[in-house]
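Trainee: Structure: structure05.txt, compact mmCIF, C-alpha atoms and all ligand atoms.
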# COMPACT_ATOMS: atom_id res chain seq x y z
CA MET D 75 -17.46 132.73 82.69
CA ASN D 76 -19.73 129.87 83.75
CA SER D 77 -17.74 126.64 83.82
CA ARG D 78 -20.65 124.40 84.84
CA ILE D 79 -22.55 124.40 81.58
CA ASP D 80 -23.64 120.87 80.77
CA PHE D 81 -26.69 120.03 78.73
CA SER D 82 -26.17 116.29 79.36
CA ARG D 83 -28.72 116.47 82.16
CA VAL D 84 -31.46 117.56 79.76
CA VAL D 85 -30.54 115.34 76.85
CA ARG D 86 -33.34 112.83 77.53
CA VAL D 87 -36.07 115.47 77.51
CA TYR D 88 -34.55 117.92 75.01
CA ARG D 89 -36.20 116.63 71.86
CA PHE D 90 -39.45 115.79 73.62
CA LEU D 91 -39.82 119.34 75.00
CA GLU D 92 -38.81 120.82 71.66
CA THR D 93 -41.53 118.83 69.88
CA ILE D 94 -44.19 119.71 72.46
CA VAL D 95 -43.46 123.44 72.23
CA PHE D 96 -42.34 123.93 68.62
CA GLY D 97 -43.40 120.82 66.70
CA ARG D 98 -41.03 120.49 63.73
CA LYS D 99 -40.36 124.22 63.47
CA LEU D 100 -36.85 124.23 64.96
CA GLN D 101 -35.67 121.43 62.67
CA GLY D 102 -37.25 123.40 59.82
CA ARG D 103 -35.05 126.38 60.76
CA ARG D 104 -31.89 124.26 61.13
CA CYS D 105 -32.37 122.85 57.65
CA ALA D 106 -33.83 125.98 56.00
CA PHE D 107 -30.70 126.74 53.97
CA LEU D 108 -29.28 123.22 53.79
CA ALA D 109 -29.19 123.15 49.99
CA GLU D 110 -27.44 126.55 49.80
CA VAL D 111 -24.55 125.45 52.03
CA ALA D 112 -24.36 121.84 50.88
CA GLY D 113 -21.10 122.28 48.96
CA ALA D 114 -18.76 123.10 51.87
CA SER D 115 -15.73 120.87 52.36
CA ARG D 116 -14.68 121.68 55.95
CA VAL D 117 -17.52 122.32 58.36
CA LEU D 118 -17.28 123.45 61.98
CA VAL D 119 -20.48 122.65 63.89
CA LEU D 120 -20.62 124.32 67.30
CA GLY D 121 -23.08 123.10 69.90
CA ASP D 122 -25.12 120.86 67.59
CA GLY D 123 -26.41 118.97 70.60
CA ASP D 124 -28.01 115.68 69.56
CA GLY D 125 -26.71 115.96 65.99
CA ARG D 126 -29.96 116.29 64.11
CA PHE D 127 -28.63 119.00 61.81
CA ALA D 128 -25.20 117.43 61.31
CA VAL D 129 -26.65 114.09 60.20
CA GLU D 130 -28.81 115.82 57.62
CA TYR D 131 -25.76 117.70 56.38
CA ALA D 132 -23.63 114.55 56.21
CA ARG D 133 -26.37 112.80 54.23
CA LEU D 134 -26.41 115.57 51.67
CA ASN D 135 -22.66 116.05 51.41
CA ARG D 136 -20.84 112.76 51.94
CA ARG D 137 -17.44 114.26 51.14
CA SER D 138 -17.50 117.06 53.71
CA ARG D 139 -15.27 116.88 56.77
CA LEU D 140 -17.25 117.75 59.88
CA HIS D 141 -15.82 118.97 63.18
CA MET D 142 -18.36 118.74 65.98
CA VAL D 143 -17.61 120.78 69.11
CA ASP D 144 -19.90 120.58 72.14
CA ILE D 145 -19.37 121.15 75.82
CA SER D 146 -21.82 118.40 76.87
CA PRO D 147 -20.57 114.79 76.72
CA GLY D 148 -24.13 113.46 76.95
CA MET D 149 -25.23 115.48 73.95
CA GLN D 150 -22.26 114.36 71.88
CA ARG D 151 -22.90 110.70 72.78
CA VAL D 152 -26.43 111.01 71.42
CA ALA D 153 -25.11 112.66 68.26
CA GLN D 154 -22.58 109.84 67.79
CA LYS D 155 -25.28 107.21 68.22
CA ARG D 156 -27.37 109.00 65.62
CA PHE D 157 -24.49 108.98 63.13
CA SER D 158 -23.85 105.28 63.76
CA ARG D 159 -27.53 104.43 63.34
CA GLU D 160 -27.54 106.24 60.02
CA GLY D 161 -24.59 104.14 58.88
CA PHE D 162 -21.89 106.84 59.00
CA SER D 163 -18.44 105.99 60.25
CA LEU D 164 -17.68 108.06 63.35
CA GLU D 165 -14.07 108.32 62.18
CA ARG D 166 -15.09 110.50 59.31
CA ILE D 167 -15.99 113.19 61.85
CA ALA D 168 -13.78 115.05 64.34
CA TRP D 169 -15.44 115.03 67.77
CA THR D 170 -14.39 117.52 70.44
CA ILE D 171 -15.93 117.86 73.86
CA ALA D 172 -14.87 121.33 74.94
CA ASP D 173 -15.98 124.82 75.76
CA ALA D 174 -16.20 126.76 72.50
CA ARG D 175 -15.12 129.88 74.42
CA THR D 176 -11.67 128.47 75.08
CA VAL D 177 -11.04 125.48 72.81
CA SER D 178 -8.30 125.93 70.25
CA ILE D 179 -9.68 125.57 66.74
CA ASP D 180 -7.45 125.37 63.68
CA GLY D 181 -9.52 125.69 60.54
CA PRO D 182 -9.79 126.98 57.97
CA TYR D 183 -13.47 126.13 57.63
CA ASP D 184 -15.59 127.16 54.69
CA LEU D 185 -18.75 126.67 56.73
CA VAL D 186 -19.49 127.33 60.39
CA VAL D 187 -22.84 126.19 61.83
CA THR D 188 -24.46 127.42 65.03
CA HIS D 189 -28.09 126.49 65.58
CA PHE D 190 -29.66 127.85 68.76
CA PHE D 191 -26.15 128.17 70.16
CA LEU D 192 -25.21 131.87 70.08
CA ASP D 193 -28.02 132.44 72.58
CA CYS D 194 -25.91 130.60 75.19
CA PHE D 195 -23.55 133.60 75.46
CA LYS D 196 -23.55 137.05 77.00
CA GLY D 197 -22.32 140.13 75.13
CA SER D 198 -18.58 140.13 75.82
CA GLU D 199 -18.33 136.31 75.65
CA LEU D 200 -20.07 136.38 72.30
CA GLU D 201 -17.75 139.09 71.00
CA ARG D 202 -14.66 137.06 71.87
CA LEU D 203 -16.16 133.86 70.48
CA VAL D 204 -17.16 135.41 67.15
CA THR D 205 -13.72 136.99 66.70
CA ARG D 206 -12.02 133.65 67.32
CA ILE D 207 -14.33 131.74 64.99
CA GLU D 208 -14.04 134.34 62.25
CA HIS D 209 -10.26 133.80 62.27
CA CYS D 210 -10.85 130.10 61.55
CA MET D 211 -12.93 130.77 58.43
CA THR D 212 -11.73 130.82 54.83
CA ALA D 213 -11.74 134.23 53.12
CA ASP D 214 -15.18 133.54 51.61
CA GLY D 215 -16.42 131.27 54.40
CA ARG D 216 -20.07 131.20 55.40
CA TRP D 217 -21.79 130.96 58.75
CA LEU D 218 -25.18 129.28 59.05
CA ILE D 219 -27.25 130.41 62.02
CA SER D 220 -30.64 129.62 63.53
CA GLU D 221 -31.80 131.59 66.51
CA PHE D 222 -34.72 132.74 68.57
CA GLN D 223 -35.70 136.38 68.44
CA ILE D 224 -38.37 138.43 70.18
CA PRO D 225 -41.08 139.41 67.67
CA GLN D 226 -41.37 143.15 67.03
CA ARG D 227 -44.75 143.92 68.55
CA GLY D 228 -48.15 142.89 69.89
CA ILE D 229 -49.20 139.70 71.60
CA ARG D 230 -46.44 137.78 69.78
CA ARG D 231 -43.86 139.99 71.45
CA PHE D 232 -45.40 139.35 74.85
CA LEU D 233 -45.63 135.58 74.29
CA GLY D 234 -42.11 135.49 72.85
CA ARG D 235 -40.72 137.17 75.95
CA VAL D 236 -42.53 134.74 78.25
CA LEU D 237 -41.38 131.70 76.26
CA ILE D 238 -37.74 132.78 75.96
CA GLY D 239 -37.66 133.79 79.65
CA THR D 240 -39.04 130.37 80.62
CA MET D 241 -36.47 128.59 78.45
CA TYR D 242 -33.60 130.50 80.03
CA LYS D 243 -34.92 129.64 83.52
CA PHE D 244 -35.12 125.97 82.54
CA PHE D 245 -31.57 125.88 81.13
CA SER D 246 -30.24 127.85 84.09
CA LEU D 247 -31.72 125.27 86.45
CA PHE D 248 -30.87 122.08 84.58
CA ALA D 249 -27.90 122.94 82.33
CA GLY D 250 -26.05 125.58 84.36
CA LEU D 251 -26.50 128.31 81.76
CA SER D 252 -26.05 131.77 83.22
CA THR D 253 -27.17 133.75 80.16
CA GLN D 254 -30.62 135.27 80.71
CA ARG D 255 -31.46 137.13 77.56
CA LEU D 256 -30.96 136.79 73.83
CA PRO D 257 -27.72 138.47 72.78
CA LEU D 258 -27.65 140.81 69.79
CA TYR D 259 -25.36 138.78 67.58
CA ALA D 260 -25.87 140.61 64.25
CA PRO D 261 -23.80 143.72 65.16
CA VAL D 262 -21.07 141.42 66.50
CA LEU D 263 -20.88 139.49 63.23
CA GLN D 264 -20.88 142.76 61.26
CA ALA D 265 -18.09 144.19 63.41
CA ASN D 266 -16.07 141.09 62.52
CA GLY D 267 -16.46 141.64 58.79
CA LEU D 268 -19.38 139.31 58.09
CA THR D 269 -22.33 140.25 55.91
CA ARG D 270 -25.82 138.77 56.08
CA GLU D 271 -26.57 137.02 52.80
CA LYS D 272 -29.95 135.43 53.47
CA GLN D 273 -32.59 135.52 56.17
CA GLN D 274 -35.88 133.72 56.75
CA THR D 275 -38.14 134.05 59.75
CA ALA D 276 -40.80 131.64 61.03
CA ALA D 277 -43.31 131.20 63.86
CA GLY D 278 -44.49 134.80 63.64
CA GLY D 279 -40.94 136.17 63.87
CA LEU D 280 -39.88 134.07 66.88
CA LEU D 281 -37.41 132.00 64.84
CA VAL D 282 -34.84 133.12 62.33
CA SER D 283 -32.41 131.35 59.98
CA GLU D 284 -29.57 133.19 58.33
CA ILE D 285 -26.52 132.75 56.15
CA TRP D 286 -23.65 135.17 56.77
CA ARG D 287 -20.60 135.49 54.55
CA LYS D 288 -17.12 136.66 55.33
CA GLY D 289 -16.03 139.62 53.21
CA GLN D 290 -18.33 141.80 51.08
C1 LIG D 301 -29.62 125.12 73.25
S1 LIG D 301 -28.63 123.75 72.81
C2 LIG D 301 -28.79 123.75 71.03
C3 LIG D 301 -28.52 122.39 70.46
C4 LIG D 301 -28.74 122.26 68.95
N1 LIG D 301 -27.80 123.08 68.21
C5 LIG D 301 -30.14 122.60 68.55
O1 LIG D 301 -30.31 123.21 67.49
O2 LIG D 301 -31.07 122.19 69.26
C6 LIG D 301 -27.03 124.38 73.02
C7 LIG D 301 -25.94 123.36 72.69
O3 LIG D 301 -24.68 124.02 72.78
C8 LIG D 301 -23.84 123.35 73.69
N2 LIG D 301 -23.08 124.40 74.40
C9 LIG D 301 -23.55 125.34 75.25
N3 LIG D 301 -22.56 126.14 75.67
C10 LIG D 301 -21.43 125.69 75.06
C11 LIG D 301 -20.08 126.09 75.07
N4 LIG D 301 -19.68 127.13 75.82
N5 LIG D 301 -19.19 125.42 74.31
C12 LIG D 301 -19.59 124.36 73.56
N6 LIG D 301 -20.86 123.92 73.49
C13 LIG D 301 -21.77 124.58 74.24
C14 LIG D 301 -24.76 122.56 74.60
O4 LIG D 301 -24.12 121.43 75.15
C15 LIG D 301 -25.89 122.18 73.65
O5 LIG D 301 -25.60 120.99 72.97
When written as structure tokens, how does the structure in this file appear?

Mentor:
Amino acid sequence: MNSRIDFSRVVRVYRFLETIVFGRKLQGRRCAFLAEVAGASRVLVLGDGDGRFAVEYARLNRRSRLHMVDISPGMQRVAQKRFSREGFSLERIAWTIADARTVSIDGPYDLVVTHFFLDCFKGSELERLVTRIEHCMTADGRWLISEFQIPQRGIRRFLGRVLIGTMYKFFSLFAGLSTQRLPLYAPVLQANGLTREKQQTAAGGLLVSEIWRKGQ
């Protein structure tokens, strides 16, 4: 386990680099299924970083109770500022700075959100994390995911590999991330009894948004 993960060091450049490389495409993925999941009452948001998704969600569903968990204090500070700027009371939200791999989470949540977060974990870490989170979900709970993936073939596959490899090098250097390749999360979710309900890809297959549901 890598205990030095901290994205606080990159918080100032995170959005800038994202915009340079992807334009508005990542935010498009985060919000792709916003309307479909808007009715949840208890929402666990893991690793939302600067809070751009969570604010959109809170705007749409003012009665939801959000629990934001992130390992990076700097990221969570930016998210809190964003909520305050938008006129939301910070007390309406539960804020936890902790490692999602070890933090104790009560639940039950009818929605779990992980945008560009599962890619921070290696195989066995991811397996343990998914099993723990699945236990915190209601019987018909849903899990909203955005992720990178390597396109199937051709030049896009080559460029995807280069881009993802470069991103991992960057986060290894500046955020202490030790993961070096995209984990295969779909079989892990399936093994934990989740079923994919919806999927949309973008950027030639480099980006994917999905809704998974517990049970059949
Ligand atoms: C790649 S960033 C993604 C941020 C945001 N969800 C997005 O869509 O841009 C990963 C986020 O997960 C957090 N993170 C990474 N590893 C974590 C862990 N083990 N426990 C909790 N948060 C973690 C980081 O601090 C960061 O905010």

Trainee: Between CA of Val117 (chain D) and CA of Phe195 (chain D), what distance in Å does the model show, to one decimal?

Mentor: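 CA of Phe195 (chain D) lies 21.4 Å from CA of Val117 (chain D).
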
Trainee: So, counting only C-alpha atoms, which residue among D:Ser220, D:Gln150, D:Thr253, D:Thr212 is closest to Gly181 (chain D)?

Mentor: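 Between D:Ser220, D:Gln150, D:Thr253, D:Thr212, the residue approaching Gly181 (chain D) most closely is D:Thr212.
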
Trainee: Could you list, with a cut-off of 9 Å and counting only C-alpha atoms and all ligand atoms, the residues of chain D near ligand LIG 301 (chain D), each shown with its nearest atom pair and the distance in Å rounded to one decimal, rows sorted by chain and ascending number, as CSV?

Mentor:
residue,atom,partner,partner_atom,distance
D:Asn76,CA,D:LIG301,N4,8.4
D:Ser77,CA,D:LIG301,N4,8.2
D:Ile79,CA,D:LIG301,N3,6.2
D:Asp80,CA,D:LIG301,O4,5.7
D:Phe81,CA,D:LIG301,O4,4.6
D:Ser82,CA,D:LIG301,O4,7.0
D:Val85,CA,D:LIG301,O5,8.4
D:Tyr88,CA,D:LIG301,O2,8.0
D:Arg89,CA,D:LIG301,O2,8.0
D:Glu92,CA,D:LIG301,O2,8.2
D:Leu100,CA,D:LIG301,O1,7.1
D:Gln101,CA,D:LIG301,O1,7.4
D:Arg103,CA,D:LIG301,O1,8.8
D:Arg104,CA,D:LIG301,O1,6.6
D:Val119,CA,D:LIG301,N1,8.5
D:Leu120,CA,D:LIG301,N6,6.2
D:Gly121,CA,D:LIG301,O3,3.4
D:Asp122,CA,D:LIG301,N1,3.5
D:Gly123,CA,D:LIG301,O5,3.2
D:Asp124,CA,D:LIG301,C4,6.6
D:Gly125,CA,D:LIG301,C4,7.3
D:Arg126,CA,D:LIG301,O1,7.7
D:Phe127,CA,D:LIG301,O1,7.3
D:Val143,CA,D:LIG301,C12,6.0
D:Asp144,CA,D:LIG301,N6,3.7
D:Ile145,CA,D:LIG301,N6,3.9
D:Ser146,CA,D:LIG301,O4,4.2
D:Pro147,CA,D:LIG301,O4,7.7
D:Gly148,CA,D:LIG301,O4,8.2
D:Met149,CA,D:LIG301,O5,5.6
D:Gln150,CA,D:LIG301,O5,7.5
D:Ile171,CA,D:LIG301,C12,7.5
D:Ala172,CA,D:LIG301,C12,5.8
D:Asp173,CA,D:LIG301,N5,3.6
D:Ala174,CA,D:LIG301,N5,3.7
D:Arg175,CA,D:LIG301,N4,5.5
D:Thr176,CA,D:LIG301,N5,8.2
D:Val177,CA,D:LIG301,N5,8.3
D:Val187,CA,D:LIG301,N1,8.7
D:Thr188,CA,D:LIG301,N1,6.3
D:His189,CA,D:LIG301,N1,4.3
D:Phe190,CA,D:LIG301,C2,4.8
D:Phe191,CA,D:LIG301,C6,4.8
D:Leu192,CA,D:LIG301,C6,8.2
D:Asp193,CA,D:LIG301,C1,7.5
D:Cys194,CA,D:LIG301,N3,5.6
D:Phe195,CA,D:LIG301,N3,7.5
D:Ser220,CA,D:LIG301,O1,7.5
D:Glu221,CA,D:LIG301,O1,8.6
D:Phe245,CA,D:LIG301,C1,8.2
D:Ala249,CA,D:LIG301,O4,8.3
D:Leu251,CA,D:LIG301,N3,7.6

Trainee: Counting all atoms listed in the file, figure out which residue out of D:Gly161, D:Gly197, D:Pro225, D:Gly278 gets nearest to Tyr259 (chain D).

Mentor: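 Answer, going by the shortest atom-to-atom distance: D:Gly197.
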
Trainee: Taking only C-alpha atoms into account, name the residue in D:Gly267, D:Arg166, D:Thr93, D:Trp286 that is nearest to Ile219 (chain D).

Mentor: D:Trp286

Trainee: I'd like to know which of D:Ile167, D:Val236, D:His209, D:Trp217 is closest to Phe107 (chain D), using only C-alpha atoms.

Mentor: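 Under the stated criterion, the closest residue is D:Trp217.
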
Trainee: So how far away is CA of Arg78 (chain D) from CA of Cys210 (chain D), in Å?

Mentor: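 According to the coordinates, CA of Cys210 (chain D) and CA of Arg78 (chain D) are separated by 25.9 Å.
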
Trainee: How far is it from CA of Leu134 (chain D) to CA of Arg270 (chain D), in Å with one decimal?

Mentor: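 If I compute the distance from CA of Leu134 (chain D) to CA of Arg270 (chain D), I get 23.6 Å.
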
Trainee: Go through D:Glu130, D:Leu258, D:Leu280, D:Ala213 and flag the residue nearest Ala153 (chain D), using all atoms listed in the file for the distances.

Mentor: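 Of all the options, D:Glu130 lies closest to Ala153 (chain D).
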
Trainee: Closest to Val87 (chain D) among D:Tyr242, D:Tyr131, D:Tyr183, D:Phe248, using all atoms listed in the file?

Mentor: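 Closest candidate: D:Phe248.
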
Trainee: Taking 4 positions as the minimum chain separation for residues in the same chain, which residues sit within 12 Å of Gly234 (chain D) when counting all atoms listed in the file? Answer as a compact mmCIF listing (two decimals) with C-alpha atoms, keeping the file's coordinate frame.

Mentor:
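Output file out33.txt follows:
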# COMPACT_ATOMS: atom_id res chain seq x y z
CA PHE D 222 -34.72 132.74 68.57
CA GLN D 223 -35.70 136.38 68.44
CA ILE D 224 -38.37 138.43 70.18
CA PRO D 225 -41.08 139.41 67.67
CA GLN D 226 -41.37 143.15 67.03
CA ARG D 227 -44.75 143.92 68.55
CA GLY D 228 -48.15 142.89 69.89
CA ILE D 229 -49.20 139.70 71.60
CA ARG D 230 -46.44 137.78 69.78
CA ILE D 238 -37.74 132.78 75.96
CA GLY D 239 -37.66 133.79 79.65
CA THR D 240 -39.04 130.37 80.62
CA MET D 241 -36.47 128.59 78.45
CA ARG D 255 -31.46 137.13 77.56
CA LEU D 256 -30.96 136.79 73.83
CA ALA D 277 -43.31 131.20 63.86
CA GLY D 278 -44.49 134.80 63.64
CA GLY D 279 -40.94 136.17 63.87
CA LEU D 280 -39.88 134.07 66.88
CA LEU D 281 -37.41 132.00 64.84
